[in-house]
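Note: the block below is upload-v1.txt and it holds compact mmCIF, C-alpha atoms and all ligand atoms.
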# COMPACT_ATOMS: atom_id res chain seq x y z
CA MET A 1 -10.72 -14.95 10.83
CA SER A 2 -9.54 -11.63 9.51
CA GLU A 3 -11.30 -8.49 8.50
CA VAL A 4 -10.92 -6.60 5.28
CA VAL A 5 -11.58 -2.88 5.28
CA ARG A 6 -12.12 -0.72 2.22
CA THR A 7 -12.86 2.96 1.92
CA VAL A 8 -15.14 4.04 -0.88
CA VAL A 9 -15.31 7.69 -1.85
CA VAL A 10 -18.70 8.98 -2.90
CA LYS A 11 -19.55 12.58 -3.75
CA SER A 12 -22.75 14.26 -2.77
CA THR A 13 -24.85 16.18 -5.22
CA PRO A 14 -24.03 19.91 -5.25
CA LEU A 15 -25.53 21.54 -2.17
CA PRO A 16 -27.50 24.78 -2.04
CA ARG A 17 -25.35 27.68 -0.85
CA LYS A 18 -27.12 27.98 2.46
CA LEU A 19 -26.80 24.33 3.29
CA PHE A 20 -23.17 24.21 2.30
CA ARG A 21 -22.60 27.13 4.65
CA VAL A 22 -23.62 24.87 7.56
CA PHE A 23 -20.84 22.47 6.70
CA VAL A 24 -18.32 25.25 6.30
CA GLU A 25 -19.18 26.35 9.84
CA LEU A 26 -19.02 22.79 11.09
CA GLU A 27 -15.65 22.29 9.49
CA GLY A 28 -14.37 25.51 11.08
CA MET A 29 -15.35 24.37 14.57
CA TYR A 30 -14.08 20.88 14.01
CA ARG A 31 -10.77 22.17 12.69
CA ASN A 32 -10.37 24.42 15.68
CA MET A 33 -10.94 21.54 18.07
CA VAL A 34 -8.44 19.33 16.28
CA GLU A 35 -5.86 22.12 16.18
CA GLN A 36 -6.11 22.72 19.90
CA LEU A 37 -6.00 19.02 20.69
CA VAL A 38 -3.02 18.44 18.46
CA LEU A 39 -1.06 21.26 20.06
CA TYR A 40 -1.89 20.03 23.51
CA ALA A 41 -1.09 16.42 22.69
CA ALA A 42 2.23 17.21 21.03
CA ARG A 43 3.32 19.38 23.96
CA SER A 44 2.15 17.13 26.77
CA GLY A 45 2.94 13.84 25.09
CA VAL A 46 -0.60 12.59 25.73
CA THR A 47 -1.41 10.78 22.53
CA SER A 48 -3.92 8.12 23.47
CA PHE A 49 -7.45 8.79 22.37
CA THR A 50 -9.00 7.77 25.69
CA LYS A 51 -6.70 9.94 27.74
CA LEU A 52 -7.12 12.86 25.43
CA LYS A 53 -10.87 12.51 25.62
CA ALA A 54 -10.84 12.21 29.42
CA LEU A 55 -8.73 15.34 29.76
CA LYS A 56 -10.27 17.58 27.12
CA TYR A 57 -13.88 16.53 26.67
CA GLY A 58 -15.34 19.08 29.09
CA GLU A 59 -13.34 21.89 27.58
CA LEU A 60 -14.37 21.02 24.04
CA ARG A 61 -18.02 20.79 25.02
CA SER A 62 -18.03 24.20 26.64
CA LEU A 63 -16.20 25.65 23.63
CA TYR A 64 -18.91 24.56 21.19
CA PRO A 65 -22.03 23.65 23.18
CA GLN A 66 -24.12 23.89 20.01
CA LEU A 67 -22.27 20.98 18.38
CA PRO A 68 -23.48 17.39 18.83
CA SER A 69 -21.36 16.01 21.66
CA HIS A 70 -19.79 13.20 19.66
CA TYR A 71 -17.75 15.64 17.58
CA ALA A 72 -15.64 16.02 20.70
CA TYR A 73 -14.98 12.27 20.55
CA THR A 74 -14.13 12.10 16.89
CA ALA A 75 -11.95 15.23 17.10
CA CYS A 76 -9.97 13.46 19.85
CA GLN A 77 -9.61 10.37 17.66
CA ASP A 78 -8.53 12.47 14.72
CA ALA A 79 -6.01 14.43 16.81
CA SER A 80 -4.65 11.30 18.44
CA THR A 81 -4.01 9.72 15.03
CA ARG A 82 -2.36 12.88 13.73
CA VAL A 83 -0.07 13.26 16.72
CA LYS A 84 0.96 9.63 16.73
CA GLY A 85 1.89 9.86 13.06
CA PHE A 86 3.72 13.09 13.68
CA LEU A 87 5.77 11.69 16.57
CA LYS A 88 6.71 8.71 14.45
CA ARG A 89 7.88 10.99 11.65
CA ARG A 90 9.78 13.17 14.09
CA LYS A 91 11.54 10.14 15.49
CA LYS A 92 12.72 9.35 11.98
CA GLY A 93 13.82 12.94 11.52
CA LEU A 94 11.18 13.61 8.87
CA ALA A 95 9.20 16.29 10.73
CA LYS A 96 10.35 19.84 10.38
CA LYS A 97 8.16 21.58 12.95
CA ASP A 98 7.73 21.06 16.71
CA TYR A 99 4.06 20.22 16.39
CA PRO A 100 1.90 18.83 13.61
CA VAL A 101 0.29 21.41 11.36
CA VAL A 102 -3.37 20.81 10.63
CA ASN A 103 -3.66 21.51 6.92
CA ARG A 104 -6.32 19.41 5.36
CA VAL A 105 -9.28 18.48 7.46
CA SER A 106 -11.83 15.80 6.93
CA ILE A 107 -14.53 15.59 9.55
CA TRP A 108 -14.62 12.26 11.31
CA LEU A 109 -18.05 10.87 12.01
CA ASP A 110 -19.17 8.06 14.27
CA ASP A 111 -22.48 6.26 14.54
CA HIS A 112 -24.03 9.14 16.50
CA LEU A 113 -23.09 11.70 13.89
CA TRP A 114 -24.31 10.13 10.68
CA ARG A 115 -26.62 7.44 9.36
CA MET A 116 -27.79 6.04 6.06
CA ARG A 117 -31.17 7.39 5.08
CA SER A 118 -31.51 5.31 1.97
CA LEU A 119 -29.01 3.58 -0.27
CA THR A 120 -28.35 6.87 -1.98
CA SER A 121 -28.59 9.38 0.82
CA ILE A 122 -27.18 9.96 4.27
CA GLU A 123 -27.98 12.17 7.24
CA ILE A 124 -25.38 14.09 9.18
CA ALA A 125 -25.75 15.61 12.65
CA THR A 126 -24.68 19.24 12.70
CA HIS A 127 -25.07 22.27 14.98
CA ARG A 128 -28.20 22.94 12.92
CA ASP A 129 -29.81 19.57 13.52
CA TRP A 130 -29.73 16.60 11.18
CA VAL A 131 -29.09 17.40 7.54
CA ALA A 132 -29.97 15.07 4.68
CA ILE A 133 -27.45 14.73 1.87
CA GLU A 134 -28.03 13.06 -1.49
CA LEU A 135 -25.17 10.96 -2.78
CA GLU A 136 -24.04 10.36 -6.33
CA PRO A 137 -23.26 6.65 -6.16
CA HIS A 138 -21.08 5.01 -8.75
CA LYS A 139 -20.35 1.51 -10.00
CA GLN A 140 -17.75 0.73 -7.38
CA TYR A 141 -20.11 1.78 -4.59
CA TRP A 142 -22.86 -0.50 -5.84
CA ARG A 143 -20.42 -3.32 -6.15
CA TYR A 144 -19.63 -3.08 -2.43
CA VAL A 145 -23.25 -2.67 -1.45
CA ASN A 146 -24.31 -5.68 -3.48
CA SER A 147 -21.54 -8.13 -2.66
CA GLY A 148 -21.66 -8.91 1.01
CA TRP A 149 -19.74 -5.97 2.43
CA ARG A 150 -21.22 -4.18 5.38
CA LEU A 151 -21.05 -0.48 6.00
CA ALA A 152 -19.02 0.45 9.07
CA SER A 153 -20.20 3.01 11.60
CA GLU A 154 -17.24 5.30 11.03
CA ALA A 155 -17.12 7.66 8.07
CA LYS A 156 -15.47 10.90 7.07
CA ILE A 157 -16.56 13.89 5.07
CA LYS A 158 -14.54 16.50 3.32
CA LEU A 159 -15.72 19.75 1.79
CA ASP A 160 -15.26 20.39 -1.89
CA LYS A 161 -15.64 24.13 -1.81
CA ARG A 162 -15.26 24.64 -5.51
CA SER A 163 -18.24 22.52 -6.49
CA ARG A 164 -20.12 22.85 -3.16
CA ARG A 165 -20.25 19.13 -2.59
CA LEU A 166 -19.41 16.90 0.30
CA ILE A 167 -16.96 14.13 -0.39
CA THR A 168 -17.92 11.22 1.81
CA TYR A 169 -15.52 8.45 2.75
CA LEU A 170 -17.58 5.40 3.49
CA VAL A 171 -15.93 2.40 5.11
CA PHE A 172 -16.96 -1.10 4.08
CA LYS A 173 -15.97 -4.18 6.01
CA LYS A 174 -16.04 -7.86 5.34
CA SER A 175 -14.81 -10.69 7.46
CA ALA A 176 -12.94 -13.42 5.75
CA GLU A 177 -12.02 -16.88 6.91
CA THR A 178 -8.68 -18.10 5.61
CA PHE A 179 -8.33 -21.66 4.42
CA GLU A 180 -5.92 -24.36 5.52
CA SER A 181 -3.17 -24.13 2.95
CA ARG A 182 -2.30 -27.13 0.83
CA GLY A 183 1.01 -25.75 -0.30
CA PHE A 184 2.98 -22.57 -0.78
CA ILE A 185 3.68 -20.00 -3.39
CA SER A 186 6.78 -18.04 -2.51
CA VAL A 187 7.48 -14.51 -3.61
CA ASP A 188 10.84 -12.80 -3.63
CA VAL A 189 10.92 -9.08 -4.26
CA ASN A 190 13.92 -7.09 -5.30
CA GLU A 191 14.29 -3.64 -6.70
CA ASN A 192 13.57 -4.52 -10.34
CA HIS A 193 12.05 -7.98 -10.32
CA VAL A 194 9.54 -10.04 -8.45
CA ALA A 195 10.18 -13.77 -8.54
CA VAL A 196 7.30 -16.14 -7.94
CA LEU A 197 7.64 -19.87 -7.40
CA VAL A 198 4.59 -22.07 -7.96
CA ASP A 199 4.94 -25.87 -7.96
CA ASP A 200 8.58 -25.86 -9.04
CA LYS A 201 7.90 -23.33 -11.76
CA ALA A 202 9.67 -20.05 -11.33
CA PHE A 203 8.45 -16.84 -12.90
CA LEU A 204 10.43 -13.68 -12.99
CA PHE A 205 8.34 -10.57 -13.37
CA GLU A 206 10.16 -7.54 -14.59
CA THR A 207 8.90 -4.55 -12.61
CA GLY A 208 11.41 -1.77 -13.00
CA PHE A 209 10.25 -0.28 -9.71
CA LYS A 210 13.63 1.23 -9.12
CA ASP A 211 13.58 3.01 -12.45
CA ILE A 212 10.05 4.22 -11.89
CA VAL A 213 10.91 5.68 -8.50
CA LEU A 214 14.20 7.15 -9.63
CA GLY A 215 12.63 8.60 -12.76
CA TYR A 216 9.87 10.21 -10.78
CA TYR A 217 12.34 11.58 -8.28
CA TYR A 218 14.60 13.17 -10.85
CA ARG A 219 11.72 14.57 -12.88
CA ARG A 220 10.33 16.10 -9.73
CA ARG A 221 13.65 17.59 -8.82
CA ARG A 222 14.12 19.09 -12.27
CA VAL A 223 10.73 20.77 -12.06
CA GLN A 224 11.55 22.02 -8.59
CA GLU A 225 14.84 23.54 -9.61
CA ARG A 226 13.43 25.25 -12.65
CA TYR A 227 10.33 26.72 -11.03
CA ASP A 228 11.92 27.70 -7.75
CA LYS A 229 14.28 29.89 -9.66
CA LEU A 230 11.53 31.39 -11.81
CA TYR A 231 8.62 31.84 -9.44
CA GLY A 232 9.85 31.18 -5.91
CA VAL A 233 9.40 28.12 -3.73
CA ASN A 234 5.65 28.27 -3.28
CA CYS A 235 4.28 28.70 -6.76
CA ARG A 236 1.04 27.25 -7.98
CA VAL A 237 2.30 26.09 -11.38
CA LYS A 238 4.80 23.85 -9.70
CA ARG A 239 2.21 22.32 -7.43
CA ARG A 240 0.02 21.56 -10.40
CA ILE A 241 2.83 19.82 -12.23
CA PHE A 242 3.64 17.79 -9.12
CA ARG A 243 0.05 16.73 -8.87
CA LYS A 244 0.09 15.55 -12.46
CA LEU A 245 3.33 13.66 -11.97
CA LYS A 246 1.89 11.98 -8.93
CA GLU A 247 -1.28 10.96 -10.70
CA ARG A 248 0.61 9.54 -13.61
CA ARG A 249 2.74 7.59 -11.19
CA LYS A 250 -0.27 6.19 -9.42
CA LYS A 251 -1.73 5.00 -12.67
CA SER A 252 1.38 3.13 -13.55
CA ASP A 253 1.32 1.46 -10.20
CA LEU A 254 1.86 -2.12 -11.12
CA LYS A 255 2.12 -3.58 -7.68
CA TRP A 256 -1.64 -4.15 -7.51
CA LYS A 257 -1.61 -6.01 -10.76
CA LEU A 258 1.17 -8.21 -9.53
CA ALA A 259 -0.53 -8.78 -6.19
CA ASN A 260 -3.67 -9.82 -8.02
CA ILE A 261 -1.84 -12.35 -10.15
CA VAL A 262 -0.08 -13.90 -7.16
CA VAL A 263 -3.09 -14.00 -4.88
CA ARG A 264 -5.41 -15.44 -7.51
CA VAL A 265 -3.10 -18.35 -8.13
CA ALA A 266 -2.78 -18.92 -4.39
CA ARG A 267 -6.53 -18.82 -3.98
CA GLU A 268 -7.14 -21.23 -6.81
CA LYS A 269 -4.62 -23.75 -5.57
CA GLN A 270 -5.44 -23.13 -1.92
CA TYR A 271 -1.84 -22.21 -1.21
CA ALA A 272 -0.43 -19.82 1.32
CA VAL A 273 1.76 -16.98 0.09
CA VAL A 274 5.28 -16.94 1.52
CA LEU A 275 6.85 -13.53 1.95
CA GLU A 276 10.07 -12.28 3.44
CA GLU A 277 9.81 -10.81 6.84
CA LEU A 278 10.96 -7.26 6.27
CA GLY A 279 12.62 -5.22 8.96
CA GLU A 280 11.93 -1.59 9.68
CA GLU A 281 15.17 -0.43 8.18
CA PRO A 282 15.97 -0.60 4.49
CA ALA A 283 19.21 -2.33 5.35
CA ARG A 284 19.40 -4.23 2.12
CA GLU A 285 22.61 -4.22 0.23
CA MET A 286 20.83 -3.92 -3.10
CA ILE A 287 19.82 -0.33 -2.63
CA ASN A 288 22.97 0.77 -0.89
CA HIS A 289 24.26 2.31 -4.06
CA VAL A 290 21.50 4.89 -3.86
CA LYS A 291 23.25 7.60 -1.92
CA ASP A 292 20.41 9.92 -1.02
CA ASP A 293 18.77 8.72 2.22
CA GLN A 294 15.29 9.86 1.37
CA LEU A 295 15.51 8.40 -2.09
CA ARG A 296 16.74 5.10 -0.76
CA HIS A 297 13.82 5.03 1.58
CA ARG A 298 11.47 5.61 -1.31
CA VAL A 299 12.97 2.95 -3.51
CA TYR A 300 12.71 0.58 -0.60
CA GLN A 301 9.11 1.47 0.03
CA ALA A 302 8.17 1.17 -3.61
CA SER A 303 9.91 -2.06 -4.35
CA PHE A 304 9.79 -4.06 -1.15
CA LYS A 305 7.20 -2.75 1.20
CA GLY A 306 4.89 -1.63 -1.56
CA VAL A 307 4.63 -5.02 -3.23
CA GLN A 308 4.40 -6.81 0.08
CA ARG A 309 1.63 -4.58 1.32
CA ALA A 310 -0.30 -4.96 -1.89
CA ILE A 311 -0.02 -8.75 -1.66
CA GLU A 312 -1.02 -8.72 2.00
CA GLU A 313 -4.01 -6.57 1.26
CA LYS A 314 -5.17 -8.70 -1.66
CA ALA A 315 -4.53 -11.87 0.34
CA ARG A 316 -6.77 -10.57 3.08
CA GLU A 317 -9.46 -9.80 0.58
CA TYR A 318 -9.34 -13.28 -0.92
CA SER A 319 -8.78 -14.98 2.44
CA VAL A 320 -5.42 -16.34 1.41
CA PRO A 321 -3.06 -17.02 4.33
CA VAL A 322 0.33 -15.32 4.34
CA VAL A 323 3.43 -16.84 5.92
CA TYR A 324 6.48 -14.79 6.81
CA VAL A 325 9.96 -16.21 6.93
CA ASN A 326 13.39 -14.91 7.75
CA PRO A 327 14.98 -13.56 4.57
CA ARG A 328 18.56 -13.95 5.76
CA ASN A 329 20.91 -15.26 3.08
CA THR A 330 18.08 -16.53 0.93
CA SER A 331 19.94 -15.86 -2.28
CA ARG A 332 23.36 -17.00 -1.06
CA MET A 333 22.80 -20.52 0.21
CA CYS A 334 22.04 -23.60 -1.84
CA PRO A 335 18.94 -25.13 -0.27
CA VAL A 336 19.94 -28.64 -1.37
CA HIS A 337 23.54 -28.77 -0.20
CA ASN A 338 23.37 -26.07 2.42
CA ALA A 339 26.49 -24.59 0.85
CA GLY A 340 27.29 -21.16 -0.46
CA ILE A 341 26.45 -20.15 -4.01
CA ILE A 342 29.17 -18.34 -5.87
CA TYR A 343 28.20 -15.47 -8.14
CA SER A 344 30.93 -14.05 -10.30
CA ASN A 345 31.03 -10.33 -10.98
CA GLY A 346 27.47 -9.25 -10.47
CA CYS A 347 25.91 -12.06 -12.46
CA ARG A 348 22.48 -13.21 -11.40
CA ILE A 349 23.31 -16.85 -12.06
CA GLY A 350 25.61 -18.58 -9.59
CA ARG A 351 27.10 -22.00 -9.02
CA CYS A 352 26.64 -24.07 -5.89
CA SER A 353 30.03 -24.45 -4.23
CA LYS A 354 29.31 -28.06 -3.30
CA GLY A 355 27.06 -29.57 -5.93
CA GLY A 356 28.15 -27.40 -8.82
CA GLU A 357 24.60 -26.86 -10.08
CA LEU A 358 23.44 -23.50 -11.34
CA TRP A 359 21.03 -21.25 -9.51
CA HIS A 360 19.38 -18.03 -10.49
CA ARG A 361 19.65 -15.57 -7.66
CA ASP A 362 15.93 -14.81 -7.44
CA VAL A 363 14.88 -18.42 -7.91
CA VAL A 364 17.09 -19.71 -5.15
CA ALA A 365 15.65 -17.04 -2.92
CA CYS A 366 12.17 -18.36 -3.68
CA TYR A 367 13.21 -21.95 -2.93
CA ASN A 368 14.75 -20.92 0.35
CA LEU A 369 11.63 -19.02 1.30
CA LEU A 370 9.56 -22.05 0.39
CA PHE A 371 11.66 -24.46 2.47
CA ARG A 372 11.74 -22.15 5.41
CA ALA A 373 7.99 -21.90 5.27
CA ARG A 374 7.64 -25.68 5.07
CA LEU A 375 10.03 -26.28 7.92
CA GLY A 376 8.28 -23.72 10.02
CA ASN A 377 4.98 -25.35 9.27
CA GLY A 378 5.49 -29.09 9.65
CA SER A 379 1.82 -29.87 9.71
CA THR A 380 1.35 -28.96 6.09
CA ALA A 381 4.26 -30.69 4.41
CA PRO A 382 6.65 -32.79 6.46
CA SER A 383 9.07 -33.50 3.62
CA LEU A 384 10.82 -31.03 1.41
CA GLY A 385 8.51 -32.04 -1.36
CA GLY A 386 9.83 -32.35 -4.88
CA LEU A 387 13.44 -31.99 -3.92
CA ASN A 388 15.77 -34.90 -4.40
CA LEU A 389 18.39 -34.89 -1.68
CA ASP A 390 20.67 -37.64 -2.96
CA GLY A 391 23.29 -35.22 -4.10
CA SER A 392 22.76 -35.53 -7.81
CA PRO A 393 24.24 -32.52 -9.53
CA ILE A 394 20.98 -30.96 -10.63
CA PRO A 395 18.40 -31.41 -7.92
CA LEU A 396 15.31 -30.60 -9.88
CA GLY A 397 16.29 -32.32 -13.05
CA SER A 398 15.04 -29.45 -15.15
CA THR A 399 16.50 -26.05 -15.69
CA ALA A 400 14.01 -24.53 -13.29
CA THR A 401 16.66 -23.59 -10.75
CA HIS A 402 18.59 -21.28 -12.98
CA ASP A 403 16.30 -20.51 -15.86
CA PRO A 404 13.09 -18.96 -14.65
CA THR A 405 10.43 -17.87 -17.10
CA GLY A 406 11.20 -14.21 -17.47
CA ILE A 407 8.26 -12.02 -18.22
CA SER A 408 8.72 -8.46 -19.39
CA LYS A 409 6.62 -5.72 -17.92
CA SER A 410 4.91 -4.86 -21.16
CA LEU A 411 3.59 -8.40 -21.26
CA TRP A 412 2.34 -9.15 -17.78
CA ALA A 413 0.95 -5.72 -17.13
CA ARG A 414 -1.99 -6.70 -19.31
CA TRP A 415 -2.67 -10.03 -17.68
CA LYS A 416 -5.41 -11.00 -15.39
CA SER A 417 -3.85 -14.23 -14.12
CA LEU A 418 -0.85 -16.47 -14.25
CA GLU A 419 -2.73 -18.94 -16.43
CA ASP A 420 -1.79 -16.78 -19.34
CA THR A 421 1.75 -18.06 -19.01
CA THR A 422 0.68 -21.44 -20.34
CA LYS A 423 0.17 -19.75 -23.65
CA PRO A 424 3.39 -19.41 -25.58
CA LEU A 425 5.09 -16.14 -24.84
CA LYS A 426 5.06 -13.73 -27.71
CA THR A 427 8.16 -11.90 -26.62
CA PRO A 428 11.08 -14.11 -25.74
CA THR A 429 12.62 -13.49 -22.34
CA ASN A 430 14.89 -10.92 -23.80
CA THR A 431 16.60 -9.28 -20.87
CA LEU A 432 17.04 -12.46 -18.99
CA GLN A 433 18.41 -14.73 -21.65
CA GLY A 434 20.65 -12.09 -23.00
CA GLN A 435 22.27 -11.96 -19.63
CA THR A 436 22.46 -15.61 -18.83
CA GLY A 437 22.88 -17.33 -22.14
CA ASN A 438 26.63 -17.75 -21.96
CA LEU A 439 26.66 -19.04 -18.47
CA VAL A 440 24.02 -21.64 -19.02
CA ARG A 441 25.82 -23.00 -22.05
CA GLY A 442 29.21 -22.89 -20.38
ZN ZN B 1 23.88 -27.13 -4.23
As structure tokens, what does this structure read like?
Ligand SMILES: [Zn+2]
Amino acid sequence: MSEVVRTVVVKSTPLPRKLFRVFVELEGMYRNMVEQLVLYAARSGVTSFTKLKALKYGELRSLYPQLPSHYAYTACQDASTRVKGFLKRRKKGLAKKDYPVVNRVSIWLDDHLWRMRSLTSIEIATHRDWVAIELEPHKQYWRYVNSGWRLASEAKIKLDKRSRRLITYLVFKKSAETFESRGFISVDVNENHVAVLVDDKAFLFETGFKDIVLGYYYRRRRVQERYDKLYGVNCRVKRRIFRKLKERRKKSDLKWKLANIVVRVAREKQYAVVLEELGEEPAREMINHVKDDQLRHRVYQASFKGVQRAIEEKAREYSVPVVYVNPRNTSRMCPVHNAGIIYSNGCRIGRCSKGGELWHRDVVACYNLLFRARLGNGSTAPSLGGLNLDGSPIPLGSTATHDPTGISKSLWARWKSLEDTTKPLKTPTNTLQGQTGNLVRG
């Protein structure tokens, strides 16, 4: 049994000036509490919410006796989360200051500080009693309300000072029971492709994540260089351009699409998804050629962690089980002969050193993930399934091991599911076959 959590953002209607004022005051007090707590926690090393609350509750209450008491709780929770994140960043050398700076504040609410009044309005406890707020619900909100999700007791609000609205962050939860898997669908992620193996059919999705990240990074840096020289480091124009770049990047975020395709197939077939167990460190040889540390980290996040997280998240939503296996040498060992695969000069197709059959780098990785999952999960499939272990030169008979169905980004980005692959592909697998044609023939 696992739980899926989603945050839905709903704006309030514009508030009258006087009412909005109440929330500005509330935010000021709340911010002050969080700032003090954060300073204290960073200095003393007390980061747990319970300890922080035990130590500071009395002080916070006497500071703002007019505030409902639970704001002292939620401020402690907020501060604890901020400091923990900060210490983690500092450990990685990513924090510049000695303590976390409280820039943006959203006010954390618990079940004593807010409640639903109707489906389209909420009430919030403030230093001026309970205040009713009308929401402007949208399609997505109704979808959650109407499809078996339940509203959690925690929520957050943020002030939109320009339009005098509250932005509410409502949390919806749903528990999901995963099924007993009848098979596996293995997924291998690398910097520019995601390979998916379903029932001995391999698909190679072109993602270009590396190019997307690198492109974004260099564009950003160009803007930075130009505007820093013109207007100084902290100019508004630059920030606006950054925001636009970021939005555009979010829109082109294909990992969700991919996760959807994978998880839907798994759900339909009642398969578990097999993923590589990723370490903390981006110690993968494939991104070692990216010199800049921060950039390498980002490429890693975007291509490996990002896709994995998206798949995990979608899997949780659709109650699809996920299995993790050790990724060591998955693209270097032939799963049939347990012998090394030899790749000549950077080619993605290699030859098994024992059996002589051809393997595509990403496909063999998928097969290895699949077998590791099966071996680690004897109850589901005791044999290695479709594999013929008699030592015949081409174990799977077909060309599946070295000739996956390559799918260009422009094509799959419009799909809803993998079923679409049964239709003939309009674009031939250009990049892939161009690369491998000679080898396959030879
Ligand atoms: Zn072999």
If we count all atoms listed in the file and set the cut-off at 10 Å, which residues sit around stretch 148-150 of chain A, ignoring sequence neighbours fewer than 4 positions away in its own chain? Please answer as a CSV table (one decimal) with C-alpha atoms, keeping the file's coordinate frame.
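Contents of result.csv, as written:
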chain,number,residue,atom,x,y,z
A,4,VAL,CA,-10.9,-6.6,5.3
A,5,VAL,CA,-11.6,-2.9,5.3
A,6,ARG,CA,-12.1,-0.7,2.2
A,143,ARG,CA,-20.4,-3.3,-6.2
A,144,TYR,CA,-19.6,-3.1,-2.4
A,171,VAL,CA,-15.9,2.4,5.1
A,172,PHE,CA,-17.0,-1.1,4.1
A,173,LYS,CA,-16.0,-4.2,6.0
A,174,LYS,CA,-16.0,-7.9,5.3
A,175,SER,CA,-14.8,-10.7,7.5
Would you mind listing, for every residue of chain A within 6 Å of ligand ZN 1 (chain B), the two atoms forming the shortest contact and the distance between them in Å to one decimal, using all atoms listed in the file, sorted by chain and ascending residue number, as a tab-separated table?
residue	atom	partner	partner_atom	distance
A:Cys334	CA	B:ZN1	ZN	4.6
A:Val336	CA	B:ZN1	ZN	5.1
A:His337	CA	B:ZN1	ZN	4.4
A:Cys352	CA	B:ZN1	ZN	4.4
A:Lys354	CA	B:ZN1	ZN	5.6
A:Gly355	CA	B:ZN1	ZN	4.4
A:Glu357	CA	B:ZN1	ZN	5.9
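Distance check against A:Leu87 using only C-alpha atoms: of A:Ile107, A:Ala272, A:Val102, A:Ala41, the minimum falls on A:Ala41.
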Interatomic distance between atom CA of A:Arg31 and atom CA of A:Ile157?
-> 12.7 Å
Box dimensions and centre (Å, one decimal) enclosing stretch 180-199 of chain A, axis-aligned, 4 Å extra per side, as lines of an AutoDock Vina configuration file:
center_x = 4.2
center_y = -15.4
center_z = -2.4
size_x = 28.2
size_y = 31.5
size_z = 23.9
Leaving out A:Leu15 and any residue of its chain fewer than 6 positions from it, which residues lie within 10 Å of it when counting all atoms listed in the file, given as JSON, numbers by chain?
-> {"A": [21, 133, 134, 163, 164, 165, 166]}
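Between A:Tyr324 and the residues A:Val187, A:Met116, A:Leu19, A:Val198, the shortest atom-to-atom distance, using all atoms listed in the file, involves A:Val187.
Counting all atoms listed in the file, the residue from A:Ser12, A:Thr401, A:Ser410, A:Asn146 that sits nearest to A:Phe205 is A:Ser410.
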Spatial neighbours of A:Val323, 9 Å, all atoms listed in the file, chain gap at least 4 places, as a VMD selection string = chain A and resid 184 272 to 277 373
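Remark: for A:Leu170, the closest of the candidate residues A:Phe20, A:Tyr71, A:Tyr271, A:Tyr141 is A:Tyr141 (distances computed over all atoms listed in the file).
When atom CA of A:Ile407 is paired with atom CA of A:Phe203, their separation reads 7.2 Å.
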12 Å contact set for A:Phe23, all atoms listed in the file, chain neighbours under 5 positions out, as a PyMOL selection string = chain A and resi 15-18+28-31+67+106-107+124-133+157-161+164-167
Name the residues within 12 Å of (-6.9, -6.0, 1.7), counting all atoms listed in the file in the file's coordinates, and put them as a list in words.
-> Ser2, Glu3, Val4, Val5, Arg6, Thr7, Phe172, Lys173, Lys174, Ser175, Ala176, Trp256, Ala259, Asn260, Val263, Gln308, Arg309, Ala310, Ile311, Glu312, Glu313, Lys314, Ala315, Arg316, Glu317, Tyr318, Ser319, Val320 and Pro321 of chain A
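We find atom CA of A:Gly306 and atom CA of A:Lys92 to be spaced 19.1 Å apart.
Minimum atom-to-atom distances from A:Val8, A:Leu278, A:Val364, A:Pro327 to A:Trp142 were compared using all atoms listed in the file, and the lowest value belongs to A:Val8.
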